[in-house]
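First the structure, in the form of structure tokens, and then the observations on it.
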Amino acid sequence: MNQQAFDTLSTRADFRMIARWVEPRASVLDAGCADGSLLAILAEELGVQGYGIEINDAGVLGCAQKGVNVIQQNLEDGLRLFEDQSFDFVILSQTLQTLHQIAAILRETVRVGKECIVSFPNFGYWRHRLAVLNGRMPVSKSLPYQWHNTPNVRVLTIHDFEALAPEVGIRILDRAILHGGRAIRWGTNWRGSLAVYRVKKS
């Protein structure tokens, strides 16, 4: 693995978990792929056949520089380009909270992917709750933006996602709740700052 890919894998705890769940040589769609770092890692380490979707010009350029196949498209328009179960895995890596039509995108994700992996920052993490109690929007490693420049348009907790999943036809296969790169085993909704789920259509 090259140094840049290693650095990215080291700094993104959800990337490490995703890499454990994705099978070698799988077909992967990364919806909201940013600069293609995750797909580049998965291609190098697991030999996956990957495609990304990204709306931001800088992200698309980053994908091109890494040799990642990318489609410039707004995820809010859905995944109508793709047939049912056309990928082994569809990934939403810290993308869910940036979308308005969360339920619709989740339905599309499990339609297109045989399995899906979803990660998001947990707004229920205790430091986030404390910041709100103190009258401020939280800023942390998992929520690194100020209120006025954040790309996040939704805030959700682990309990929120698990309540929504059956409503949109999703079955949870596995989950990892993390903080500082370590797995949280108890008190997950207030002790974990990052949630990663492996899911499929129910």
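In the structure tokens, chains take the letters A, B, ... in the order shown, each chain's residues start at 1, and ligands count up from 1 in the order shown.
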Applying 10 Å and only C-alpha atoms, which residues near A:Asn152 remain after dropping the ones on its own chain fewer than 6 positions away? List them as a PyMOL selection string.
chain A and resi 94-100+143+145
If we count only C-alpha atoms, what is near A:Ile105 at a cut-off of 12 Å, once residues fewer than 3 positions away on the same chain are taken out, given as a PyMOL selection string?
chain A and resi 31-32+74-80+90-92+95-102+108-112+116+118+165+168-170
Can those selected residues be exported to a file as a PDB file, in the first residue's frame so that it contains C-alpha atoms?
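Okay, this is what ended up in again-v3.pdb:
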```pdb
ATOM      1  CA  ALA A  31     -21.923   6.681  -3.353  1.00  0.00           C
ATOM      2  CA  GLY A  32     -20.501  10.026  -2.283  1.00  0.00           C
ATOM      3  CA  ASN A  74     -26.027  14.423  -7.369  1.00  0.00           C
ATOM      4  CA  LEU A  75     -26.964  11.553  -5.064  1.00  0.00           C
ATOM      5  CA  GLU A  76     -30.241  13.310  -4.280  1.00  0.00           C
ATOM      6  CA  ASP A  77     -31.323  12.255  -7.782  1.00  0.00           C
ATOM      7  CA  GLY A  78     -31.013   8.610  -6.721  1.00  0.00           C
ATOM      8  CA  LEU A  79     -29.301   5.651  -8.339  1.00  0.00           C
ATOM      9  CA  ARG A  80     -31.592   5.217 -11.325  1.00  0.00           C
ATOM     10  CA  VAL A  90     -22.741  -0.192  -2.200  1.00  0.00           C
ATOM     11  CA  ILE A  91     -21.022   2.098   0.305  1.00  0.00           C
ATOM     12  CA  LEU A  92     -22.285   5.297   1.935  1.00  0.00           C
ATOM     13  CA  THR A  95     -22.401  10.559   3.346  1.00  0.00           C
ATOM     14  CA  LEU A  96     -25.826   9.893   4.847  1.00  0.00           C
ATOM     15  CA  GLN A  97     -25.841  13.004   7.042  1.00  0.00           C
ATOM     16  CA  THR A  98     -25.154  15.232   4.010  1.00  0.00           C
ATOM     17  CA  LEU A  99     -28.341  14.167   2.200  1.00  0.00           C
ATOM     18  CA  HIS A 100     -31.883  15.502   2.383  1.00  0.00           C
ATOM     19  CA  GLN A 101     -33.706  12.414   1.071  1.00  0.00           C
ATOM     20  CA  ILE A 102     -32.223   9.871   3.465  1.00  0.00           C
ATOM     21  CA  GLU A 108     -32.025   2.861  -3.541  1.00  0.00           C
ATOM     22  CA  THR A 109     -28.781   1.740  -1.920  1.00  0.00           C
ATOM     23  CA  VAL A 110     -30.134  -1.653  -0.865  1.00  0.00           C
ATOM     24  CA  ARG A 111     -31.849  -2.039  -4.234  1.00  0.00           C
ATOM     25  CA  VAL A 112     -28.621  -1.579  -6.170  1.00  0.00           C
ATOM     26  CA  CYS A 116     -24.423  -2.197   1.673  1.00  0.00           C
ATOM     27  CA  VAL A 118     -23.277   2.730   5.818  1.00  0.00           C
ATOM     28  CA  ALA A 165     -33.884   0.716   8.994  1.00  0.00           C
ATOM     29  CA  VAL A 168     -37.199   1.562   4.670  1.00  0.00           C
ATOM     30  CA  GLY A 169     -36.833  -2.191   4.144  1.00  0.00           C
ATOM     31  CA  ILE A 170     -33.326  -2.652   5.542  1.00  0.00           C
TER      32      ILE A 170
END
```
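Here the question is which of A:Arg25, A:Arg12, A:Arg107, A:Arg129 gets nearest to A:Leu194 using only C-alpha atoms, and that residue is A:Arg12.
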Backbone DSSP call of helix (DSSP H, G or I) for stretch 4-202 of chain A, listed as a ChimeraX atom specification
/A:4-11,13-21,37-46,57-66,75-77,96-98,102-112,126-133,158-167,188-191
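Considering the residues A:Asn56, A:Asn69, A:Thr157, A:Ser119 and counting only C-alpha atoms, A:Val199 has its shortest atom-to-atom contact with A:Ser119.
When only C-alpha atoms are used to compute distances to A:Arg171, the closest of the residues A:Arg198, A:Arg191, A:Arg185, A:Pro144 turns out to be A:Arg198.
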Can you tell me, as number ranges by chain, what residues are no more than 7 Å from stretch 34-42 of chain A when counting only C-alpha atoms, ignoring any on the same chain fewer than 4 positions away?
A: 5, 15, 19, 46-48, 50, 52, 54, 59-60, 62-63, 66, 68
How would the residues just chosen look if you wrote them out with N, CA, C and O atoms as a short mmCIF file (atom, residue, chain, number, x, y, z; two decimals), in the first residue's frame?
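Written out: part37.cif:
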```
data_model
loop_
_atom_site.label_atom_id
_atom_site.label_comp_id
_atom_site.auth_asym_id
_atom_site.auth_seq_id
_atom_site.Cartn_x
_atom_site.Cartn_y
_atom_site.Cartn_z
N ALA A 5 -2.27 6.15 0.74
CA ALA A 5 -3.37 5.24 1.05
C ALA A 5 -3.29 4.77 2.50
O ALA A 5 -4.29 4.69 3.20
N PHE A 15 -13.06 3.50 7.32
CA PHE A 15 -12.40 2.86 6.19
C PHE A 15 -11.84 1.49 6.60
O PHE A 15 -11.91 0.52 5.85
N ALA A 19 -13.09 -2.01 4.92
CA ALA A 19 -12.14 -2.90 4.25
C ALA A 19 -12.23 -4.32 4.80
O ALA A 19 -12.00 -5.28 4.06
N LEU A 46 -7.71 -5.18 -2.16
CA LEU A 46 -8.65 -6.29 -2.34
C LEU A 46 -8.95 -6.59 -3.81
O LEU A 46 -9.70 -7.52 -4.09
N GLY A 47 -8.42 -5.79 -4.71
CA GLY A 47 -8.66 -6.03 -6.13
C GLY A 47 -10.11 -5.82 -6.54
O GLY A 47 -10.59 -6.46 -7.48
N VAL A 48 -10.82 -4.92 -5.85
CA VAL A 48 -12.22 -4.69 -6.19
C VAL A 48 -12.33 -3.94 -7.52
O VAL A 48 -11.41 -3.23 -7.93
N GLY A 50 -14.26 -0.99 -8.78
CA GLY A 50 -15.01 0.08 -8.12
C GLY A 50 -15.42 1.22 -9.02
O GLY A 50 -14.73 1.55 -9.99
N GLY A 52 -17.28 5.25 -8.39
CA GLY A 52 -17.71 6.24 -7.42
C GLY A 52 -18.73 7.18 -8.00
O GLY A 52 -18.80 7.37 -9.22
N GLU A 54 -19.86 11.19 -7.26
CA GLU A 54 -19.47 12.39 -6.54
C GLU A 54 -19.95 13.61 -7.31
O GLU A 54 -19.86 13.63 -8.55
N GLY A 59 -13.63 16.67 -5.82
CA GLY A 59 -13.67 15.24 -5.58
C GLY A 59 -13.51 14.45 -6.86
O GLY A 59 -12.77 13.45 -6.91
N VAL A 60 -14.20 14.87 -7.90
CA VAL A 60 -14.10 14.20 -9.20
C VAL A 60 -12.67 14.26 -9.72
O VAL A 60 -12.12 13.28 -10.23
N GLY A 62 -9.97 14.56 -7.87
CA GLY A 62 -9.18 13.67 -7.03
C GLY A 62 -9.32 12.21 -7.46
O GLY A 62 -8.34 11.46 -7.45
N CYS A 63 -10.54 11.81 -7.81
CA CYS A 63 -10.76 10.45 -8.31
C CYS A 63 -9.96 10.20 -9.59
O CYS A 63 -9.30 9.16 -9.74
N LYS A 66 -6.39 9.57 -9.01
CA LYS A 66 -6.11 8.27 -8.40
C LYS A 66 -6.47 7.12 -9.34
O LYS A 66 -6.31 5.95 -8.97
N VAL A 68 -9.51 6.37 -10.29
CA VAL A 68 -10.79 5.80 -9.83
C VAL A 68 -11.89 6.18 -10.82
O VAL A 68 -12.02 7.36 -11.20
#
```
Using DSSP on the backbone coordinates, identify all residues within stretch 102-145 of chain A classified as strand (DSSP E); present the result as number ranges by chain.
A: 113-121
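Note that atom CA of A:Ile18 and atom CA of A:Tyr125 are 21.1 Å apart.
Using only C-alpha atoms, the residues found no farther than 6 Å from A:Phe87, other than those of its own chain fewer than 2 positions away, are Ser27, Val28, Gln85, Phe89 and Gly113 of chain A.
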One-decimal distance in Å that lies between atom CA of A:Pro121 and atom CA of A:Ser140
9.9 Å
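Counting from atom CA of A:His128, the distance to atom CA of A:Trp190 is 9.0 Å.
Residues in contact with A:Ala183 at 12 Å, where only C-alpha atoms are counted and same-chain residues fewer than 4 positions away are skipped, are listed as Ala13, Asp14, Arg16, Met17, Arg175, Ala176, Ile177, Leu178, His179, Gly187, Thr188, Arg191, Gly192, Ser193, Leu194, Ala195 and Val196 of chain A.
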Just C-alpha atoms for this one: save the residues we selected as a CSV table (one decimal), in the first residue's frame.
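See part-v7.csv below for the written result:
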```csv
chain,number,residue,atom,x,y,z
A,13,ALA,CA,-11.7,4.4,11.3
A,14,ASP,CA,-14.7,3.6,9.1
A,16,ARG,CA,-10.7,0.1,8.2
A,17,MET,CA,-14.0,-1.5,9.1
A,175,ARG,CA,-22.5,-3.1,13.1
A,176,ALA,CA,-19.4,-1.6,14.6
A,177,ILE,CA,-19.6,1.4,16.9
A,178,LEU,CA,-16.3,3.2,17.2
A,179,HIS,CA,-14.6,6.0,19.1
A,187,GLY,CA,-23.3,2.4,26.1
A,188,THR,CA,-22.9,2.7,22.3
A,191,ARG,CA,-20.0,6.5,24.0
A,192,GLY,CA,-19.5,5.9,20.3
A,193,SER,CA,-18.8,8.8,17.9
A,194,LEU,CA,-18.9,6.9,14.7
A,195,ALA,CA,-21.3,4.1,13.5
A,196,VAL,CA,-20.7,1.6,10.7
```
